[in-house]
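Dumped work_1.pdb below, it's PDB, C-alpha atoms and all ligand atoms:
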```pdb
ATOM      1  CA  MET A 271     112.197 112.626  78.587  1.00  0.00           C
ATOM      2  CA  LEU A 272     115.528 114.030  79.826  1.00  0.00           C
ATOM      3  CA  ASN A 273     113.594 116.899  81.378  1.00  0.00           C
ATOM      4  CA  THR A 274     111.460 114.425  83.316  1.00  0.00           C
ATOM      5  CA  ILE A 275     114.573 112.684  84.612  1.00  0.00           C
ATOM      6  CA  ILE A 276     116.335 115.909  85.569  1.00  0.00           C
ATOM      7  CA  ASN A 277     113.302 117.495  87.224  1.00  0.00           C
ATOM      8  CA  ARG A 278     111.821 114.434  88.953  1.00  0.00           C
ATOM      9  CA  VAL A 279     111.335 114.890  92.677  1.00  0.00           C
ATOM     10  CA  SER A 280     110.265 112.496  95.383  1.00  0.00           C
ATOM     11  CA  CYS A 281     107.050 113.042  97.281  1.00  0.00           C
ATOM     12  CA  GLY A 282     106.598 111.635 100.790  1.00  0.00           C
ATOM     13  CA  ARG A 283     103.069 112.986 101.379  1.00  0.00           C
ATOM     14  CA  LEU A 284     100.817 110.753  99.333  1.00  0.00           C
ATOM     15  CA  GLN A 285      97.093 110.206  99.131  1.00  0.00           C
ATOM     16  CA  ALA A 286      94.641 108.238  96.959  1.00  0.00           C
ATOM     17  CA  PRO A 287      94.314 107.602  94.125  1.00  0.00           C
ATOM     18  CA  ALA A 288      97.214 105.316  93.407  1.00  0.00           C
ATOM     19  CA  PRO A 289      98.065 104.585  89.763  1.00  0.00           C
ATOM     20  CA  SER A 290      95.297 102.642  87.997  1.00  0.00           C
ATOM     21  CA  LYS A 291      95.785  99.025  86.996  1.00  0.00           C
ATOM     22  CA  GLU A 292      96.785 100.090  83.460  1.00  0.00           C
ATOM     23  CA  GLU A 293      99.150 102.796  84.721  1.00  0.00           C
ATOM     24  CA  LEU A 294     100.709 100.404  87.219  1.00  0.00           C
ATOM     25  CA  ASN A 295     101.253  97.914  84.432  1.00  0.00           C
ATOM     26  CA  LEU A 296     103.126 100.573  82.421  1.00  0.00           C
ATOM     27  CA  LEU A 297     105.233 101.527  85.435  1.00  0.00           C
ATOM     28  CA  LEU A 298     106.145  97.897  86.074  1.00  0.00           C
ATOM     29  CA  GLN A 299     107.010  97.426  82.397  1.00  0.00           C
ATOM     30  CA  ALA A 300     109.379 100.387  82.746  1.00  0.00           C
ATOM     31  CA  ALA A 301     110.896  98.761  85.853  1.00  0.00           C
ATOM     32  CA  LEU A 302     111.341  95.478  83.987  1.00  0.00           C
ATOM     33  CA  ARG A 303     113.347  97.209  81.253  1.00  0.00           C
ATOM     34  CA  ALA A 304     116.262  97.783  83.609  1.00  0.00           C
ATOM     35  CA  PRO A 305     119.713  96.815  82.353  1.00  0.00           C
ATOM     36  CA  ASP A 306     120.283  93.185  83.255  1.00  0.00           C
ATOM     37  CA  HIS A 307     123.631  91.347  83.114  1.00  0.00           C
ATOM     38  CA  LYS A 308     123.247  87.930  81.450  1.00  0.00           C
ATOM     39  CA  GLY A 309     119.497  88.448  81.217  1.00  0.00           C
ATOM     40  CA  LEU A 310     118.905  86.924  84.633  1.00  0.00           C
ATOM     41  CA  LYS A 311     115.785  89.006  85.305  1.00  0.00           C
ATOM     42  CA  PRO A 312     116.580  88.993  89.015  1.00  0.00           C
ATOM     43  CA  TRP A 313     113.570  91.142  89.917  1.00  0.00           C
ATOM     44  CA  GLN A 314     110.439  90.722  91.930  1.00  0.00           C
ATOM     45  CA  TYR A 315     107.990  93.502  92.708  1.00  0.00           C
ATOM     46  CA  LEU A 316     105.409  92.899  95.430  1.00  0.00           C
ATOM     47  CA  VAL A 317     102.489  95.290  95.129  1.00  0.00           C
ATOM     48  CA  PHE A 318     100.327  96.177  98.138  1.00  0.00           C
ATOM     49  CA  GLU A 319      97.267  98.309  97.475  1.00  0.00           C
ATOM     50  CA  GLY A 320      94.232  99.157  99.570  1.00  0.00           C
ATOM     51  CA  GLU A 321      93.561  98.741 103.278  1.00  0.00           C
ATOM     52  CA  GLN A 322      93.567  94.960 103.395  1.00  0.00           C
ATOM     53  CA  GLN A 323      96.889  94.468 101.589  1.00  0.00           C
ATOM     54  CA  LEU A 324      98.558  97.400 103.362  1.00  0.00           C
ATOM     55  CA  ASN A 325      97.437  95.881 106.679  1.00  0.00           C
ATOM     56  CA  GLN A 326      98.949  92.544 105.610  1.00  0.00           C
ATOM     57  CA  LEU A 327     102.235  94.319 104.941  1.00  0.00           C
ATOM     58  CA  ALA A 328     101.990  96.121 108.288  1.00  0.00           C
ATOM     59  CA  GLN A 329     101.490  92.794 110.089  1.00  0.00           C
ATOM     60  CA  VAL A 330     104.577  91.215 108.506  1.00  0.00           C
ATOM     61  CA  TYR A 331     106.574  94.359 109.330  1.00  0.00           C
ATOM     62  CA  LEU A 332     105.512  93.945 112.943  1.00  0.00           C
ATOM     63  CA  GLN A 333     106.244  90.212 113.065  1.00  0.00           C
ATOM     64  CA  ALA A 334     109.736  90.757 111.630  1.00  0.00           C
ATOM     65  CA  SER A 335     110.422  93.650 113.999  1.00  0.00           C
ATOM     66  CA  LEU A 336     109.285  91.589 117.012  1.00  0.00           C
ATOM     67  CA  LYS A 337     111.616  88.775 115.981  1.00  0.00           C
ATOM     68  CA  GLU A 338     114.466  91.277 115.998  1.00  0.00           C
ATOM     69  CA  ASN A 339     113.350  92.826 119.289  1.00  0.00           C
ATOM     70  CA  PRO A 340     110.641  90.982 121.274  1.00  0.00           C
ATOM     71  CA  GLU A 341     110.571  93.828 123.817  1.00  0.00           C
ATOM     72  CA  LEU A 342     109.321  96.502 121.427  1.00  0.00           C
ATOM     73  CA  GLU A 343     107.437  99.300 123.160  1.00  0.00           C
ATOM     74  CA  GLU A 344     103.772  99.857 122.276  1.00  0.00           C
ATOM     75  CA  ALA A 345     104.513 103.205 120.621  1.00  0.00           C
ATOM     76  CA  LYS A 346     107.108 101.578 118.354  1.00  0.00           C
ATOM     77  CA  LYS A 347     104.667  98.796 117.443  1.00  0.00           C
ATOM     78  CA  GLU A 348     102.070 101.402 116.511  1.00  0.00           C
ATOM     79  CA  ARG A 349     104.572 103.261 114.383  1.00  0.00           C
ATOM     80  CA  ILE A 350     105.627 100.085 112.564  1.00  0.00           C
ATOM     81  CA  LEU A 351     101.986  99.215 111.864  1.00  0.00           C
ATOM     82  CA  SER A 352     101.436 102.692 110.451  1.00  0.00           C
ATOM     83  CA  LEU A 353     104.387 102.602 108.034  1.00  0.00           C
ATOM     84  CA  PRO A 354     102.686 101.063 104.977  1.00  0.00           C
ATOM     85  CA  HIS A 355      99.741 103.428 105.343  1.00  0.00           C
ATOM     86  CA  ARG A 356     101.823 106.428 104.309  1.00  0.00           C
ATOM     87  CA  ALA A 357     100.596 105.853 100.757  1.00  0.00           C
ATOM     88  CA  PRO A 358      97.713 104.113  98.981  1.00  0.00           C
ATOM     89  CA  MET A 359     100.187 101.752  97.295  1.00  0.00           C
ATOM     90  CA  VAL A 360     103.510 100.282  98.381  1.00  0.00           C
ATOM     91  CA  ILE A 361     105.759  98.231  96.127  1.00  0.00           C
ATOM     92  CA  VAL A 362     108.522  96.138  97.662  1.00  0.00           C
ATOM     93  CA  ALA A 363     111.376  95.886  95.156  1.00  0.00           C
ATOM     94  CA  ILE A 364     113.356  92.686  95.538  1.00  0.00           C
ATOM     95  CA  ALA A 365     116.587  91.525  93.918  1.00  0.00           C
ATOM     96  CA  LYS A 366     116.480  87.733  93.645  1.00  0.00           C
ATOM     97  CA  HIS A 367     119.756  85.900  93.927  1.00  0.00           C
ATOM     98  CA  LYS A 368     120.204  83.826  90.777  1.00  0.00           C
ATOM     99  CA  ALA A 369     123.690  82.501  91.517  1.00  0.00           C
ATOM    100  CA  HIS A 370     125.276  83.049  88.092  1.00  0.00           C
ATOM    101  CA  GLU A 371     129.051  82.621  88.076  1.00  0.00           C
ATOM    102  CA  LYS A 372     129.575  85.872  86.123  1.00  0.00           C
ATOM    103  CA  VAL A 373     127.003  87.989  87.961  1.00  0.00           C
ATOM    104  CA  PRO A 374     127.642  88.888  91.599  1.00  0.00           C
ATOM    105  CA  HIS A 375     124.549  89.679  93.654  1.00  0.00           C
ATOM    106  CA  ILE A 376     125.513  93.361  93.781  1.00  0.00           C
ATOM    107  CA  GLU A 377     124.733  93.519  90.049  1.00  0.00           C
ATOM    108  CA  GLU A 378     121.282  92.060  90.679  1.00  0.00           C
ATOM    109  CA  ILE A 379     120.741  94.725  93.330  1.00  0.00           C
ATOM    110  CA  LEU A 380     121.972  97.445  90.965  1.00  0.00           C
ATOM    111  CA  SER A 381     119.688  96.176  88.201  1.00  0.00           C
ATOM    112  CA  THR A 382     116.696  96.224  90.538  1.00  0.00           C
ATOM    113  CA  GLY A 383     117.708  99.719  91.678  1.00  0.00           C
ATOM    114  CA  ALA A 384     117.728 100.833  88.045  1.00  0.00           C
ATOM    115  CA  GLY A 385     114.247  99.331  87.740  1.00  0.00           C
ATOM    116  CA  VAL A 386     113.074 101.280  90.765  1.00  0.00           C
ATOM    117  CA  GLN A 387     114.436 104.484  89.235  1.00  0.00           C
ATOM    118  CA  ASN A 388     112.549 103.740  85.990  1.00  0.00           C
ATOM    119  CA  LEU A 389     109.420 103.292  88.080  1.00  0.00           C
ATOM    120  CA  LEU A 390     109.964 106.599  89.918  1.00  0.00           C
ATOM    121  CA  ILE A 391     110.554 108.479  86.680  1.00  0.00           C
ATOM    122  CA  GLY A 392     107.484 106.879  85.111  1.00  0.00           C
ATOM    123  CA  ALA A 393     105.326 107.743  88.125  1.00  0.00           C
ATOM    124  CA  TYR A 394     106.503 111.351  88.009  1.00  0.00           C
ATOM    125  CA  GLU A 395     105.772 111.546  84.284  1.00  0.00           C
ATOM    126  CA  LEU A 396     102.226 110.228  84.868  1.00  0.00           C
ATOM    127  CA  GLY A 397     101.676 112.897  87.543  1.00  0.00           C
ATOM    128  CA  TYR A 398     101.921 110.588  90.566  1.00  0.00           C
ATOM    129  CA  GLY A 399     104.099 111.033  93.615  1.00  0.00           C
ATOM    130  CA  ALA A 400     106.594 108.396  94.668  1.00  0.00           C
ATOM    131  CA  TYR A 401     109.137 107.871  97.428  1.00  0.00           C
ATOM    132  CA  TRP A 402     111.907 105.259  97.630  1.00  0.00           C
ATOM    133  CA  ARG A 403     112.511 104.214 101.237  1.00  0.00           C
ATOM    134  CA  SER A 404     114.706 101.676 102.972  1.00  0.00           C
ATOM    135  CA  GLY A 405     114.996 101.872 106.766  1.00  0.00           C
ATOM    136  CA  PRO A 406     115.742  99.012 109.192  1.00  0.00           C
ATOM    137  CA  LEU A 407     113.062  96.715 107.735  1.00  0.00           C
ATOM    138  CA  CYS A 408     114.932  96.695 104.439  1.00  0.00           C
ATOM    139  CA  PHE A 409     117.772  94.898 106.219  1.00  0.00           C
ATOM    140  CA  ASN A 410     115.744  92.840 108.687  1.00  0.00           C
ATOM    141  CA  PRO A 411     116.438  89.166 107.782  1.00  0.00           C
ATOM    142  CA  HIS A 412     113.211  88.023 109.479  1.00  0.00           C
ATOM    143  CA  LEU A 413     111.125  89.914 106.912  1.00  0.00           C
ATOM    144  CA  LYS A 414     112.446  87.835 104.016  1.00  0.00           C
ATOM    145  CA  PRO A 415     110.546  84.564 104.562  1.00  0.00           C
ATOM    146  CA  LEU A 416     107.405  86.534 105.429  1.00  0.00           C
ATOM    147  CA  LEU A 417     107.609  88.113 101.964  1.00  0.00           C
ATOM    148  CA  GLY A 418     108.329  84.793 100.251  1.00  0.00           C
ATOM    149  CA  MET A 419     111.996  85.635  99.770  1.00  0.00           C
ATOM    150  CA  ASN A 420     115.029  83.402 100.079  1.00  0.00           C
ATOM    151  CA  GLU A 421     117.772  84.298 102.531  1.00  0.00           C
ATOM    152  CA  GLU A 422     120.165  85.374  99.729  1.00  0.00           C
ATOM    153  CA  ASP A 423     117.638  87.727  98.106  1.00  0.00           C
ATOM    154  CA  SER A 424     117.726  91.449  98.930  1.00  0.00           C
ATOM    155  CA  ILE A 425     115.085  94.067  99.507  1.00  0.00           C
ATOM    156  CA  VAL A 426     116.212  97.014  97.387  1.00  0.00           C
ATOM    157  CA  GLY A 427     113.538  99.333  98.677  1.00  0.00           C
ATOM    158  CA  PHE A 428     109.961 100.122  99.518  1.00  0.00           C
ATOM    159  CA  VAL A 429     108.409 102.365  96.885  1.00  0.00           C
ATOM    160  CA  TYR A 430     105.504 104.445  98.129  1.00  0.00           C
ATOM    161  CA  LEU A 431     103.127 105.563  95.377  1.00  0.00           C
ATOM    162  CA  GLY A 432     100.090 107.789  95.227  1.00  0.00           C
ATOM    163  CA  THR A 433      98.867 111.251  94.402  1.00  0.00           C
ATOM    164  CA  PRO A 434     100.946 114.110  95.851  1.00  0.00           C
ATOM    165  CA  ASP A 435      99.273 115.652  98.902  1.00  0.00           C
ATOM    166  CA  ILE A 436     101.515 118.702  98.655  1.00  0.00           C
ATOM    167  CA  GLU A 437     102.799 120.893  95.882  1.00  0.00           C
ATOM    168  CA  LEU A 438     105.974 119.341  94.533  1.00  0.00           C
ATOM    169  CA  LYS A 439     108.938 121.674  94.889  1.00  0.00           C
ATOM    170  CA  ALA A 440     111.774 121.692  92.395  1.00  0.00           C
ATOM    171  CA  ARG A 441     115.058 120.521  93.870  1.00  0.00           C
ATOM    172  CA  PRO A 442     118.416 122.092  93.087  1.00  0.00           C
ATOM    173  CA  ILE A 443     120.161 120.369  90.232  1.00  0.00           C
ATOM    174  CA  PRO A 444     123.723 119.462  91.284  1.00  0.00           C
ATOM    175  CA  ASP A 445     126.568 121.238  89.548  1.00  0.00           C
ATOM    176  CA  VAL A 446     128.078 118.811  87.044  1.00  0.00           C
ATOM    177  CA  SER A 447     131.587 120.206  87.557  1.00  0.00           C
ATOM    178  CA  GLU A 448     131.542 119.123  91.219  1.00  0.00           C
ATOM    179  CA  PHE A 449     130.975 115.451  90.440  1.00  0.00           C
ATOM    180  CA  VAL A 450     132.695 114.877  87.130  1.00  0.00           C
ATOM    181  CA  ARG A 451     136.320 114.867  86.024  1.00  0.00           C
ATOM    182  CA  PHE A 452     137.518 114.386  82.462  1.00  0.00           C
ATOM    183  CA  GLY A 453     140.591 112.222  81.944  1.00  0.00           C
ATOM    184  CA  LEU A 454     143.140 111.854  84.747  1.00  0.00           C
ATOM    185  CA  ASP A 455     145.211 115.048  84.610  1.00  0.00           C
ATOM    186  CA  TRP A 456     143.166 116.552  87.482  1.00  0.00           C
ATOM    187  CA  ILE A 457     144.723 114.076  89.954  1.00  0.00           C
ATOM    188  CA  ASP A 458     147.952 116.097  90.061  1.00  0.00           C
ATOM    189  CA  ASP A 459     145.968 119.156  91.221  1.00  0.00           C
ATOM    190  CA  CYS A 460     144.798 117.438  94.422  1.00  0.00           C
TER
HETATM  191  C1  LIG A 501     118.313 103.088  98.298  1.00  0.00           C
HETATM  192  C2  LIG A 501     117.636 104.323  98.824  1.00  0.00           C
HETATM  193  C3  LIG A 501     117.030 104.279 100.067  1.00  0.00           C
HETATM  194  C4  LIG A 501     116.414 105.412 100.589  1.00  0.00           C
HETATM  195  N1  LIG A 501     115.807 105.334 101.816  1.00  0.00           N
HETATM  196  C5  LIG A 501     115.204 106.423 102.329  1.00  0.00           C
HETATM  197  C6  LIG A 501     114.539 106.339 103.580  1.00  0.00           C
HETATM  198  O1  LIG A 501     114.440 105.282 104.203  1.00  0.00           O
HETATM  199  N2  LIG A 501     113.981 107.469 104.068  1.00  0.00           N
HETATM  200  C7  LIG A 501     114.063 108.666 103.396  1.00  0.00           C
HETATM  201  O2  LIG A 501     113.555 109.666 103.898  1.00  0.00           O
HETATM  202  N3  LIG A 501     114.668 108.762 102.195  1.00  0.00           N
HETATM  203  C8  LIG A 501     115.234 107.674 101.645  1.00  0.00           C
HETATM  204  N4  LIG A 501     115.851 107.759 100.420  1.00  0.00           N
HETATM  205  C9  LIG A 501     115.928 109.054  99.737  1.00  0.00           C
HETATM  206  C10 LIG A 501     114.636 109.465  99.027  1.00  0.00           C
HETATM  207  O3  LIG A 501     114.105 108.400  98.265  1.00  0.00           O
HETATM  208  C11 LIG A 501     114.860 110.662  98.069  1.00  0.00           C
HETATM  209  O4  LIG A 501     115.661 110.273  96.982  1.00  0.00           O
HETATM  210  C12 LIG A 501     115.496 111.834  98.752  1.00  0.00           C
HETATM  211  O5  LIG A 501     114.640 112.304  99.766  1.00  0.00           O
HETATM  212  C13 LIG A 501     115.815 112.980  97.770  1.00  0.00           C
HETATM  213  O6  LIG A 501     114.662 113.401  97.131  1.00  0.00           O
HETATM  214  P1  LIG A 501     114.600 113.535  95.532  1.00  0.00           P
HETATM  215  O7  LIG A 501     114.449 112.133  94.999  1.00  0.00           O
HETATM  216  O8  LIG A 501     113.409 114.421  95.290  1.00  0.00           O
HETATM  217  O9  LIG A 501     115.861 114.169  95.084  1.00  0.00           O
HETATM  218  C14 LIG A 501     116.415 106.630  99.848  1.00  0.00           C
HETATM  219  C15 LIG A 501     117.017 106.652  98.594  1.00  0.00           C
HETATM  220  C16 LIG A 501     117.619 105.518  98.080  1.00  0.00           C
HETATM  221  C17 LIG A 501     118.266 105.574  96.720  1.00  0.00           C
END
```

Reformat the file's structure so that it appears as structure tokens.
Ligand SMILES: Cc1cc2nc3c(=O)[nH]c(=O)nc-3n(C[C@H](O)[C@H](O)[C@H](O)COP(=O)(O)O)c2cc1C
Amino acid sequence: MLNTIINRVSCGRLQAPAPSKEELNLLLQAALRAPDHKGLKPWQYLVFEGEQQLNQLAQVYLQASLKENPELEEAKKERILSLPHRAPMVIVAIAKHKAHEKVPHIEEILSTGAGVQNLLIGAYELGYGAYWRSGPLCFNPHLKPLLGMNEEDSIVGFVYLGTPDIELKARPIPDVSEFVRFGLDWIDDC
């Protein structure tokens, strides 16, 4: 399991098939086992699969983008409409705002992010490719109502899923010593 986590890589070139219904269910179960302060379960995962649903997502992307900028050029509109079609399945990961006095929204976002990571690791283990994206639409407030979200909810990311269309290349594993310090004595050396 640790090997899967350490060696997991993202894959941006994705083709059909997407995970099956059973596999998707397992991946979502993994996502729903994220650490969760006060057990708020602040997660929502919107799954878009197949032409019709990916087109629906593309249309709401376009509507939200036009609200932000009504003067969008044709080429930009085309690009926005093409975004969801980069994979056979797209999952929008949402952190719902539950308004608990001891849990700031950032913790709901972090919990959902941990869920997304579980999903990515699970997809890699099952042999699928996955890519976590954000981009301007992630922060476009006009997209929220179109996805059934409340204003205070957050989009944590768009997870693209499918079968890798390219050979996955190992990525360098960062050197632990660069990112970790033990105790506080090292501060004097700075
Ligand atoms: C919150 C978040 C948002 C991201 N958004 C994008 C994005 O919009 N476009 C992109 O190319 N990579 C994005 N990435 C990075 C990729 O998902 C990926 O982690 C990166 O390309 C490194 O590849 P690796 O996962 O194989 O190490 C994002 C990562 C995170 C955690």

Exercise. Which residues come within 8 Å of stretch 356-359 of chain A, counting all atoms listed in the file, excluding same-chain residues fewer than 6 positions away, as a list in words?
Worked result: Gly282, Arg283, Leu284, Gln285, Ala286, Pro287, Ala288, Val317, Phe318, Glu319, Gly320, Leu324, Tyr430, Leu431 and Gly432 of chain A

Counting only C-alpha atoms and all ligand atoms, what residues are within 7 Å of ligand LIG 501 (chain A), given as a compact mmCIF listing (two decimals) with C-alpha atoms, keeping the file's coordinate frame?
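What follows is the written file pocket-v9.txt:
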```
# COMPACT_ATOMS: atom_id res chain seq x y z
CA ARG A 278 111.82 114.43 88.95
CA VAL A 279 111.34 114.89 92.68
CA SER A 280 110.26 112.50 95.38
CA CYS A 281 107.05 113.04 97.28
CA TYR A 401 109.14 107.87 97.43
CA TRP A 402 111.91 105.26 97.63
CA ARG A 403 112.51 104.21 101.24
CA SER A 404 114.71 101.68 102.97
CA GLY A 405 115.00 101.87 106.77
CA VAL A 426 116.21 97.01 97.39
CA GLY A 427 113.54 99.33 98.68
CA ARG A 441 115.06 120.52 93.87
```

Please write the residues picked by the PyMOL selection byres (((chain A and resi 371-383) around 9) and not hetatm) on this file as a tab-separated table (two decimals) with C-alpha atoms, in the coordinates of the input.
```
chain	number	residue	atom	x	y	z
A	301	ALA	CA	110.90	98.76	85.85
A	302	LEU	CA	111.34	95.48	83.99
A	304	ALA	CA	116.26	97.78	83.61
A	305	PRO	CA	119.71	96.82	82.35
A	306	ASP	CA	120.28	93.18	83.26
A	307	HIS	CA	123.63	91.35	83.11
A	308	LYS	CA	123.25	87.93	81.45
A	310	LEU	CA	118.90	86.92	84.63
A	311	LYS	CA	115.78	89.01	85.30
A	312	PRO	CA	116.58	88.99	89.02
A	313	TRP	CA	113.57	91.14	89.92
A	314	GLN	CA	110.44	90.72	91.93
A	363	ALA	CA	111.38	95.89	95.16
A	364	ILE	CA	113.36	92.69	95.54
A	365	ALA	CA	116.59	91.52	93.92
A	366	LYS	CA	116.48	87.73	93.64
A	367	HIS	CA	119.76	85.90	93.93
A	368	LYS	CA	120.20	83.83	90.78
A	369	ALA	CA	123.69	82.50	91.52
A	370	HIS	CA	125.28	83.05	88.09
A	384	ALA	CA	117.73	100.83	88.04
A	385	GLY	CA	114.25	99.33	87.74
A	386	VAL	CA	113.07	101.28	90.76
A	387	GLN	CA	114.44	104.48	89.24
A	388	ASN	CA	112.55	103.74	85.99
A	422	GLU	CA	120.16	85.37	99.73
A	423	ASP	CA	117.64	87.73	98.11
A	424	SER	CA	117.73	91.45	98.93
A	425	ILE	CA	115.08	94.07	99.51
A	426	VAL	CA	116.21	97.01	97.39
A	427	GLY	CA	113.54	99.33	98.68
```

Exercise. Contacts of stretch 343-348 of chain A at 12 Å or less, counting all atoms listed in the file, minus same-chain residues fewer than 5 places along, as number ranges by chain?
Worked result: A: 328-336, 353-355

For this session: Between atom CA of A:Tyr398 and atom CA of A:Ala300, measure the distance and give it in Å to one decimal.
Result: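 Going from atom CA of A:Tyr398 over to atom CA of A:Ala300, I get 14.9 Å.
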
For this session: Enter the distance from atom CA of A:Leu438 to atom CA of A:Gln326, in Å, rounded to one decimal.
Result: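 Distance between the two atoms: 29.8 Å.
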
For this session: To one decimal in Å, tell me the separation between atom CA of A:Thr433 and atom CA of A:Leu294.
Result: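 Those two atoms sit 13.1 Å apart.
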
Problem set entry | Residue contacts of A:Leu417 (9 Å, only C-alpha atoms) excluding same-chain residues fewer than 4 positions away, as a ChimeraX atom specification | /A:316,327,330,413

For this session: Considering only C-alpha atoms, return as a PyMOL selection string whatever protein or nucleic-acid residues lie within 7 Å of A:Leu297, sequence-local ones (same chain, fewer than 6 positions apart) excluded.
Result: chain A and resi 389+392-393

Exercise. With distances taken over only C-alpha atoms, which of A:Ala400, A:Ile436, A:Val362, A:Ile443 is nearest to A:Lys414?
Worked result: A:Val362

For this session: Could you tell me which of A:Gln299, A:Ser290, A:Asn277, A:Lys337 comes closest to A:His412 if we count only C-alpha atoms?
Result: A:Lys337

Problem set entry | All residues 9 Å or closer to A:Ile275, all atoms listed in the file, same chain fewer than 4 positions away omitted, as a ChimeraX atom specification | /A:271,279,391,394-395
